[in-house]
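Source file: data_9.txt; contents: compact mmCIF, N, CA and C atoms.
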```txt
# COMPACT_ATOMS: atom_id res chain seq x y z
N ASP P 592 21.67 -2.47 -21.79
CA ASP P 592 22.88 -2.04 -22.46
C ASP P 592 24.14 -2.61 -21.80
N THR P 593 24.07 -2.96 -20.51
CA THR P 593 25.23 -3.57 -19.85
C THR P 593 25.51 -4.95 -20.45
N GLN P 594 24.46 -5.72 -20.67
CA GLN P 594 24.63 -7.04 -21.27
C GLN P 594 25.21 -6.92 -22.68
N ALA P 595 24.68 -6.01 -23.46
CA ALA P 595 25.17 -5.85 -24.83
C ALA P 595 26.63 -5.44 -24.85
N ARG P 596 27.00 -4.48 -23.98
CA ARG P 596 28.39 -4.03 -23.93
C ARG P 596 29.34 -5.14 -23.50
N GLN P 597 28.85 -6.07 -22.69
CA GLN P 597 29.71 -7.16 -22.23
C GLN P 597 29.57 -8.42 -23.08
N GLY P 598 28.81 -8.33 -24.17
CA GLY P 598 28.67 -9.45 -25.09
C GLY P 598 27.87 -10.62 -24.55
N VAL P 599 26.93 -10.34 -23.66
CA VAL P 599 26.10 -11.41 -23.07
C VAL P 599 24.90 -11.66 -23.97
N ALA P 600 24.79 -12.91 -24.42
CA ALA P 600 23.65 -13.31 -25.25
C ALA P 600 22.51 -13.73 -24.34
N ASP P 601 21.45 -12.94 -24.32
CA ASP P 601 20.29 -13.22 -23.49
C ASP P 601 19.07 -12.71 -24.25
N ASN P 602 17.91 -13.24 -23.94
CA ASN P 602 16.69 -12.74 -24.56
C ASN P 602 15.50 -13.02 -23.65
N GLU P 603 14.36 -12.46 -24.02
CA GLU P 603 13.16 -12.59 -23.20
C GLU P 603 12.74 -14.05 -23.03
N MET P 604 12.89 -14.83 -24.09
CA MET P 604 12.48 -16.24 -24.03
C MET P 604 13.30 -17.02 -23.00
N LEU P 605 14.62 -16.82 -23.00
CA LEU P 605 15.47 -17.48 -22.00
C LEU P 605 15.13 -17.01 -20.59
N PHE P 606 14.91 -15.71 -20.44
CA PHE P 606 14.56 -15.13 -19.15
C PHE P 606 13.27 -15.77 -18.63
N GLU P 607 12.27 -15.87 -19.49
CA GLU P 607 10.99 -16.48 -19.09
C GLU P 607 11.18 -17.96 -18.74
N ARG P 608 11.92 -18.68 -19.55
CA ARG P 608 12.14 -20.10 -19.27
C ARG P 608 12.81 -20.28 -17.92
N ASP P 609 13.86 -19.50 -17.66
CA ASP P 609 14.57 -19.60 -16.38
C ASP P 609 13.64 -19.27 -15.21
N THR P 610 12.80 -18.26 -15.38
CA THR P 610 11.90 -17.84 -14.32
C THR P 610 10.85 -18.92 -14.05
N PHE P 611 10.28 -19.49 -15.10
CA PHE P 611 9.29 -20.56 -14.91
C PHE P 611 9.92 -21.77 -14.22
N ARG P 612 11.12 -22.13 -14.62
CA ARG P 612 11.79 -23.28 -14.01
C ARG P 612 12.08 -23.05 -12.53
N SER P 613 12.30 -21.81 -12.14
CA SER P 613 12.63 -21.55 -10.74
C SER P 613 11.39 -21.38 -9.86
N GLY P 614 10.21 -21.30 -10.47
CA GLY P 614 8.98 -21.14 -9.70
C GLY P 614 8.66 -22.38 -8.89
N LYS P 615 8.37 -22.17 -7.61
CA LYS P 615 8.08 -23.30 -6.72
C LYS P 615 6.75 -23.95 -7.08
N GLY P 616 6.77 -25.25 -7.25
CA GLY P 616 5.54 -26.00 -7.47
C GLY P 616 4.79 -25.65 -8.73
N GLY P 617 5.44 -24.99 -9.67
CA GLY P 617 4.78 -24.66 -10.93
C GLY P 617 3.70 -23.61 -10.80
N THR P 618 3.79 -22.77 -9.78
CA THR P 618 2.74 -21.78 -9.54
C THR P 618 3.08 -20.39 -10.05
N THR P 619 4.01 -20.29 -10.99
CA THR P 619 4.39 -18.98 -11.50
C THR P 619 3.24 -18.36 -12.28
N ASN P 620 3.07 -17.06 -12.12
CA ASN P 620 2.03 -16.32 -12.82
C ASN P 620 2.58 -15.92 -14.19
N THR P 621 2.00 -16.49 -15.23
CA THR P 621 2.48 -16.29 -16.60
C THR P 621 2.53 -14.80 -16.98
N SER P 622 1.51 -14.07 -16.63
CA SER P 622 1.46 -12.65 -16.97
C SER P 622 2.57 -11.87 -16.27
N LEU P 623 2.83 -12.17 -15.01
CA LEU P 623 3.88 -11.47 -14.28
C LEU P 623 5.27 -11.83 -14.80
N VAL P 624 5.46 -13.09 -15.18
CA VAL P 624 6.74 -13.51 -15.75
C VAL P 624 6.97 -12.78 -17.07
N ARG P 625 5.94 -12.66 -17.87
CA ARG P 625 6.05 -11.95 -19.15
C ARG P 625 6.40 -10.48 -18.91
N THR P 626 5.74 -9.86 -17.94
CA THR P 626 6.03 -8.46 -17.61
C THR P 626 7.48 -8.32 -17.17
N LEU P 627 7.94 -9.23 -16.32
CA LEU P 627 9.32 -9.19 -15.85
C LEU P 627 10.30 -9.29 -17.02
N SER P 628 10.05 -10.23 -17.92
CA SER P 628 10.99 -10.46 -19.02
C SER P 628 10.98 -9.32 -20.04
N THR P 629 9.84 -8.68 -20.22
CA THR P 629 9.76 -7.63 -21.24
C THR P 629 10.07 -6.23 -20.71
N GLN P 630 9.98 -6.04 -19.39
CA GLN P 630 10.16 -4.70 -18.84
C GLN P 630 11.45 -4.52 -18.04
N SER P 631 12.16 -5.59 -17.75
CA SER P 631 13.37 -5.48 -16.93
C SER P 631 14.44 -4.60 -17.56
N ALA P 632 14.67 -4.76 -18.84
CA ALA P 632 15.71 -3.96 -19.51
C ALA P 632 15.39 -2.47 -19.42
N ALA P 633 14.13 -2.11 -19.61
CA ALA P 633 13.73 -0.70 -19.51
C ALA P 633 13.90 -0.19 -18.08
N ALA P 634 13.59 -1.02 -17.10
CA ALA P 634 13.75 -0.61 -15.70
C ALA P 634 15.22 -0.39 -15.35
N ILE P 635 16.08 -1.28 -15.82
CA ILE P 635 17.52 -1.13 -15.59
C ILE P 635 18.01 0.16 -16.25
N HIS P 636 17.61 0.38 -17.48
CA HIS P 636 18.00 1.58 -18.22
C HIS P 636 17.56 2.83 -17.46
N TRP P 637 16.31 2.84 -16.97
CA TRP P 637 15.77 3.98 -16.23
C TRP P 637 16.59 4.25 -14.97
N LEU P 638 16.89 3.20 -14.21
CA LEU P 638 17.69 3.37 -12.99
C LEU P 638 19.09 3.91 -13.31
N LYS P 639 19.69 3.38 -14.38
CA LYS P 639 21.05 3.80 -14.73
C LYS P 639 21.09 5.23 -15.26
N HIS P 640 20.19 5.56 -16.17
CA HIS P 640 20.28 6.82 -16.88
C HIS P 640 19.51 7.96 -16.22
N ARG P 641 18.44 7.66 -15.55
CA ARG P 641 17.67 8.72 -14.88
C ARG P 641 18.21 9.02 -13.48
N PHE P 642 18.63 7.97 -12.76
CA PHE P 642 19.06 8.14 -11.37
C PHE P 642 20.53 7.82 -11.15
N HIS P 643 21.23 7.44 -12.21
CA HIS P 643 22.68 7.20 -12.16
C HIS P 643 23.07 6.09 -11.18
N VAL P 644 22.22 5.06 -11.08
CA VAL P 644 22.58 3.88 -10.28
C VAL P 644 23.57 3.08 -11.13
N PRO P 645 24.76 2.81 -10.63
CA PRO P 645 25.81 2.17 -11.43
C PRO P 645 25.62 0.65 -11.57
N LEU P 646 24.65 0.25 -12.36
CA LEU P 646 24.38 -1.18 -12.54
C LEU P 646 25.23 -1.73 -13.67
N THR P 647 26.53 -1.82 -13.42
CA THR P 647 27.49 -2.17 -14.47
C THR P 647 28.12 -3.54 -14.31
N VAL P 648 27.85 -4.21 -13.20
CA VAL P 648 28.42 -5.54 -12.95
C VAL P 648 27.32 -6.57 -13.16
N LEU P 649 27.62 -7.61 -13.94
CA LEU P 649 26.64 -8.67 -14.20
C LEU P 649 27.04 -9.94 -13.47
N SER P 650 26.02 -10.63 -12.95
CA SER P 650 26.25 -11.93 -12.31
C SER P 650 25.30 -12.94 -12.90
N GLN P 651 25.77 -14.17 -13.00
CA GLN P 651 24.90 -15.25 -13.44
C GLN P 651 24.57 -16.07 -12.21
N LEU P 652 23.35 -15.94 -11.74
CA LEU P 652 22.92 -16.63 -10.52
C LEU P 652 22.36 -18.00 -10.86
N GLY P 653 22.14 -18.79 -9.85
CA GLY P 653 21.63 -20.14 -10.03
C GLY P 653 20.34 -20.17 -10.83
N GLY P 654 20.29 -21.03 -11.79
CA GLY P 654 19.10 -21.16 -12.62
C GLY P 654 19.07 -20.23 -13.82
N HIS P 655 20.00 -19.31 -13.91
CA HIS P 655 20.04 -18.39 -15.06
C HIS P 655 20.85 -19.01 -16.19
N ALA P 656 20.35 -18.83 -17.41
CA ALA P 656 21.07 -19.30 -18.59
C ALA P 656 22.11 -18.28 -19.04
N ALA P 657 22.04 -17.07 -18.47
CA ALA P 657 22.97 -16.01 -18.87
C ALA P 657 23.18 -15.07 -17.69
N LYS P 658 24.24 -14.26 -17.81
CA LYS P 658 24.47 -13.21 -16.80
C LYS P 658 23.40 -12.14 -17.00
N ARG P 659 22.50 -11.99 -16.01
CA ARG P 659 21.47 -10.96 -16.14
C ARG P 659 21.17 -10.23 -14.84
N THR P 660 21.77 -10.63 -13.74
CA THR P 660 21.57 -9.91 -12.49
C THR P 660 22.54 -8.74 -12.44
N HIS P 661 21.98 -7.54 -12.41
CA HIS P 661 22.78 -6.32 -12.44
C HIS P 661 23.12 -5.89 -11.01
N ARG P 662 24.38 -5.54 -10.82
CA ARG P 662 24.86 -5.09 -9.52
C ARG P 662 25.76 -3.86 -9.72
N ALA P 663 26.06 -3.22 -8.60
CA ALA P 663 26.99 -2.09 -8.64
C ALA P 663 28.40 -2.62 -8.41
N PRO P 664 29.41 -1.90 -8.85
CA PRO P 664 30.79 -2.32 -8.58
C PRO P 664 31.06 -2.32 -7.07
N PRO P 665 32.06 -3.07 -6.63
CA PRO P 665 32.40 -3.06 -5.20
C PRO P 665 32.77 -1.66 -4.74
N ASP P 666 32.65 -1.42 -3.42
CA ASP P 666 33.02 -0.11 -2.89
C ASP P 666 34.55 0.05 -2.90
N GLU P 667 35.03 1.17 -2.38
CA GLU P 667 36.47 1.47 -2.43
C GLU P 667 37.33 0.49 -1.64
N HIS P 668 36.69 -0.32 -0.77
CA HIS P 668 37.42 -1.33 0.00
C HIS P 668 37.28 -2.73 -0.60
N GLY P 669 36.64 -2.80 -1.77
CA GLY P 669 36.47 -4.08 -2.44
C GLY P 669 35.27 -4.88 -1.95
N ARG P 670 34.46 -4.29 -1.10
CA ARG P 670 33.28 -4.99 -0.56
C ARG P 670 32.10 -4.85 -1.52
N PRO P 671 31.27 -5.90 -1.59
CA PRO P 671 30.08 -5.79 -2.45
C PRO P 671 29.13 -4.71 -1.92
N VAL P 672 28.46 -4.05 -2.82
CA VAL P 672 27.49 -3.02 -2.46
C VAL P 672 26.10 -3.67 -2.47
N PRO P 673 25.35 -3.59 -1.36
CA PRO P 673 24.00 -4.16 -1.34
C PRO P 673 23.10 -3.39 -2.32
N ILE P 674 22.79 -4.01 -3.45
CA ILE P 674 22.14 -3.30 -4.54
C ILE P 674 20.73 -2.84 -4.19
N GLY P 675 19.99 -3.65 -3.45
CA GLY P 675 18.64 -3.24 -3.05
C GLY P 675 18.67 -1.96 -2.23
N PHE P 676 19.60 -1.90 -1.28
CA PHE P 676 19.74 -0.71 -0.45
C PHE P 676 20.14 0.49 -1.30
N LEU P 677 21.08 0.28 -2.21
CA LEU P 677 21.55 1.38 -3.06
C LEU P 677 20.41 1.95 -3.91
N ILE P 678 19.63 1.07 -4.51
CA ILE P 678 18.50 1.52 -5.33
C ILE P 678 17.49 2.28 -4.48
N MET P 679 17.11 1.72 -3.33
CA MET P 679 16.12 2.37 -2.48
C MET P 679 16.63 3.71 -1.95
N LYS P 680 17.89 3.78 -1.56
CA LYS P 680 18.45 5.04 -1.06
C LYS P 680 18.47 6.08 -2.18
N THR P 681 18.86 5.67 -3.37
CA THR P 681 18.91 6.60 -4.49
C THR P 681 17.52 7.14 -4.81
N LEU P 682 16.53 6.26 -4.84
CA LEU P 682 15.17 6.70 -5.15
C LEU P 682 14.59 7.55 -4.02
N ARG P 683 14.88 7.19 -2.78
CA ARG P 683 14.39 7.98 -1.64
C ARG P 683 15.02 9.38 -1.66
N ASP P 684 16.31 9.45 -1.97
CA ASP P 684 16.96 10.76 -2.08
C ASP P 684 16.30 11.60 -3.17
N ALA P 685 15.94 10.99 -4.29
CA ALA P 685 15.27 11.71 -5.37
C ALA P 685 13.89 12.20 -4.93
N VAL P 686 13.17 11.36 -4.20
CA VAL P 686 11.86 11.77 -3.70
C VAL P 686 12.01 12.96 -2.75
N ASP P 687 13.00 12.88 -1.87
CA ASP P 687 13.21 13.95 -0.88
C ASP P 687 13.67 15.26 -1.50
N THR P 688 14.37 15.19 -2.63
CA THR P 688 14.90 16.43 -3.22
C THR P 688 14.08 16.88 -4.44
N GLU P 689 13.95 16.03 -5.43
CA GLU P 689 13.29 16.42 -6.68
C GLU P 689 11.76 16.43 -6.59
N TYR P 690 11.21 15.61 -5.71
CA TYR P 690 9.76 15.46 -5.66
C TYR P 690 9.17 15.86 -4.31
N ALA P 691 9.91 16.66 -3.55
CA ALA P 691 9.44 17.10 -2.24
C ALA P 691 8.08 17.77 -2.38
N GLY P 692 7.14 17.35 -1.55
CA GLY P 692 5.79 17.91 -1.60
C GLY P 692 4.88 17.28 -2.63
N LYS P 693 5.44 16.43 -3.51
CA LYS P 693 4.64 15.78 -4.54
C LYS P 693 4.39 14.31 -4.24
N ILE P 694 5.34 13.69 -3.53
CA ILE P 694 5.24 12.26 -3.19
C ILE P 694 5.34 12.12 -1.69
N GLU P 695 4.39 11.41 -1.11
CA GLU P 695 4.41 11.13 0.32
C GLU P 695 4.89 9.70 0.53
N VAL P 696 5.93 9.54 1.33
CA VAL P 696 6.44 8.21 1.65
C VAL P 696 5.93 7.82 3.03
N ARG P 697 5.30 6.67 3.10
CA ARG P 697 4.80 6.18 4.38
C ARG P 697 5.51 4.88 4.73
N THR P 698 5.89 4.77 5.98
CA THR P 698 6.45 3.51 6.48
C THR P 698 5.50 2.99 7.54
N GLY P 699 5.60 1.70 7.83
CA GLY P 699 4.72 1.12 8.85
C GLY P 699 3.28 1.00 8.39
N ALA P 700 3.08 0.93 7.09
CA ALA P 700 1.73 0.79 6.55
C ALA P 700 1.65 -0.49 5.73
N LYS P 701 0.50 -1.11 5.77
CA LYS P 701 0.28 -2.33 5.00
C LYS P 701 -0.73 -2.03 3.89
N VAL P 702 -0.31 -2.27 2.65
CA VAL P 702 -1.23 -2.10 1.52
C VAL P 702 -2.20 -3.28 1.54
N THR P 703 -3.49 -2.98 1.59
CA THR P 703 -4.50 -4.04 1.67
C THR P 703 -5.15 -4.33 0.33
N ARG P 704 -5.16 -3.33 -0.55
CA ARG P 704 -5.70 -3.56 -1.89
C ARG P 704 -5.33 -2.40 -2.80
N LEU P 705 -5.39 -2.66 -4.11
CA LEU P 705 -5.17 -1.62 -5.10
C LEU P 705 -6.50 -1.00 -5.47
N LEU P 706 -6.51 0.30 -5.65
CA LEU P 706 -7.70 1.00 -6.14
C LEU P 706 -7.52 1.18 -7.64
N HIS P 707 -8.59 1.05 -8.37
CA HIS P 707 -8.47 1.17 -9.82
C HIS P 707 -9.73 1.77 -10.43
N SER P 708 -9.57 2.21 -11.66
CA SER P 708 -10.70 2.64 -12.46
C SER P 708 -10.72 1.77 -13.71
N THR P 709 -11.88 1.66 -14.32
CA THR P 709 -12.03 0.86 -15.53
C THR P 709 -12.58 1.76 -16.62
N ASP P 710 -11.91 1.78 -17.77
CA ASP P 710 -12.40 2.62 -18.86
C ASP P 710 -13.47 1.88 -19.66
N GLN P 711 -14.00 2.53 -20.68
CA GLN P 711 -15.09 1.96 -21.47
C GLN P 711 -14.70 0.68 -22.19
N ALA P 712 -13.40 0.52 -22.48
CA ALA P 712 -12.93 -0.69 -23.17
C ALA P 712 -12.68 -1.83 -22.19
N GLY P 713 -12.82 -1.54 -20.89
CA GLY P 713 -12.59 -2.58 -19.89
C GLY P 713 -11.18 -2.63 -19.35
N SER P 714 -10.33 -1.69 -19.77
CA SER P 714 -8.95 -1.65 -19.26
C SER P 714 -8.94 -1.03 -17.88
N ARG P 715 -8.21 -1.67 -16.98
CA ARG P 715 -8.14 -1.18 -15.61
C ARG P 715 -6.83 -0.43 -15.40
N THR P 716 -6.90 0.66 -14.67
CA THR P 716 -5.74 1.47 -14.33
C THR P 716 -5.70 1.64 -12.83
N VAL P 717 -4.53 1.38 -12.23
CA VAL P 717 -4.39 1.57 -10.79
C VAL P 717 -4.39 3.07 -10.52
N THR P 718 -5.23 3.48 -9.57
CA THR P 718 -5.38 4.90 -9.24
C THR P 718 -4.96 5.21 -7.81
N GLY P 719 -4.63 4.18 -7.04
CA GLY P 719 -4.22 4.40 -5.67
C GLY P 719 -4.14 3.10 -4.91
N VAL P 720 -4.00 3.21 -3.60
CA VAL P 720 -3.93 2.03 -2.73
C VAL P 720 -4.77 2.26 -1.49
N ALA P 721 -5.22 1.17 -0.91
CA ALA P 721 -5.85 1.21 0.41
C ALA P 721 -4.81 0.68 1.39
N VAL P 722 -4.64 1.35 2.52
CA VAL P 722 -3.63 0.98 3.49
C VAL P 722 -4.22 0.97 4.90
N VAL P 723 -3.56 0.20 5.75
CA VAL P 723 -3.80 0.26 7.18
C VAL P 723 -2.48 0.63 7.82
N GLN P 724 -2.45 1.77 8.46
CA GLN P 724 -1.24 2.25 9.13
C GLN P 724 -1.07 1.48 10.44
N ASP P 725 0.20 1.17 10.82
CA ASP P 725 0.45 0.50 12.10
C ASP P 725 -0.33 1.17 13.21
N GLY P 726 -1.05 0.37 13.99
CA GLY P 726 -1.78 0.90 15.13
C GLY P 726 -3.16 1.44 14.79
N ALA P 727 -3.48 1.58 13.52
CA ALA P 727 -4.78 2.11 13.12
C ALA P 727 -5.78 0.98 12.95
N ALA P 728 -7.03 1.27 13.22
CA ALA P 728 -8.08 0.25 13.07
C ALA P 728 -8.72 0.32 11.69
N ALA P 729 -8.75 1.51 11.12
CA ALA P 729 -9.46 1.70 9.87
C ALA P 729 -8.52 1.74 8.67
N GLU P 730 -9.04 1.30 7.55
CA GLU P 730 -8.34 1.36 6.27
C GLU P 730 -8.45 2.77 5.71
N GLU P 731 -7.42 3.23 5.04
CA GLU P 731 -7.40 4.55 4.44
C GLU P 731 -7.12 4.40 2.95
N GLU P 732 -7.84 5.13 2.12
CA GLU P 732 -7.62 5.09 0.69
C GLU P 732 -6.76 6.28 0.26
N LEU P 733 -5.67 5.99 -0.44
CA LEU P 733 -4.74 7.02 -0.91
C LEU P 733 -4.73 7.00 -2.43
N LEU P 734 -5.02 8.12 -3.03
CA LEU P 734 -5.07 8.20 -4.48
C LEU P 734 -3.74 8.66 -5.04
N ALA P 735 -3.43 8.14 -6.24
CA ALA P 735 -2.17 8.51 -6.91
C ALA P 735 -2.25 9.91 -7.45
```
File written out as C-alpha cells:
Amino acid sequence: DTQARQGVADNEMLFERDTFRSGKGGTTNTSLVRTLSTQSAAAIHWLKHRFHVPLTVLSQLGGHAAKRTHRAPPDEHGRPVPIGFLIMKTLRDAVDTEYAGKIEVRTGAKVTRLLHSTDQAGSRTVTGVAVVQDGAAAEEELLA
C-alpha cells in the first residue's frame, strides 16, 4: 500500500527480473524468488498493520527497476532508522508481551535442519527445527 499511495509502478514480474539479475553466478532459486515476489507485499502489510512498524519510506536500491525497499522515517534527529533492528525489536517486544509463555526465543543456537510432516497428497509442512545450542554436543528437536 505504500507503493500505491506514492504512485510507484511495480509488479511481481519486475521484482523477479531484478532479483534474478542480482543473483551471483546465476544460482538464484526460482521457487524462492517467486515466493519473495508474491509474498513481500503481504509481509509488509502484516508488519505495518499488525505490529505498527512504520514502513512508509521507499528507496530504490541498486538493481531495482522501482522503489520497493521499505524503510522507516528518520528519527527525531534526522538520522536513518536501522530497519532490521526496528523490525526485530518490535517483534521481540510482541513475543515478550503478547505471546509470553507461548513462544520460546533461543539465542546462540544453530538450526541444523527443518522437521516436517508429509500428508497423503505429498505436501510437506514444517513442524519444527533441529538445533545445536552453543556448547552442546547433541542436536535437539524443537516442535512448533
Atomic separation - CA of Arg683 in chain P relative to CA of Leu652 in chain P, Å: 27.5 Å
From P:Ala633, P:Leu605, P:Ala685, P:Val624, residue lying nearest Asp592 in chain P [only N, CA and C atoms]: P:Ala633
Take every atom of range 609-626 of chain P listed in the file, fit an axis-aligned box around them, add 3 Å per side, and give the centre and edge lengths in Å to one decimal as lines of an AutoDock Vina configuration file.
```
center_x = 8.0
center_y = -17.2
center_z = -12.9
size_x = 19.1
size_y = 23.7
size_z = 18.4
```
Protein/DNA/RNA residues near (9.8, -10.9, -17.1), cut 12 Å, only C-alpha atoms, as a PyMOL selection string: chain P and resi 602-611+619-634+659
Coordinates-based distance that separates CA of Ile694 in chain P from atom N of Glu732 in chain P (Å, one decimal):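 Going from atom N of Glu732 in chain P over to CA of Ile694 in chain P covers 15.8 Å.
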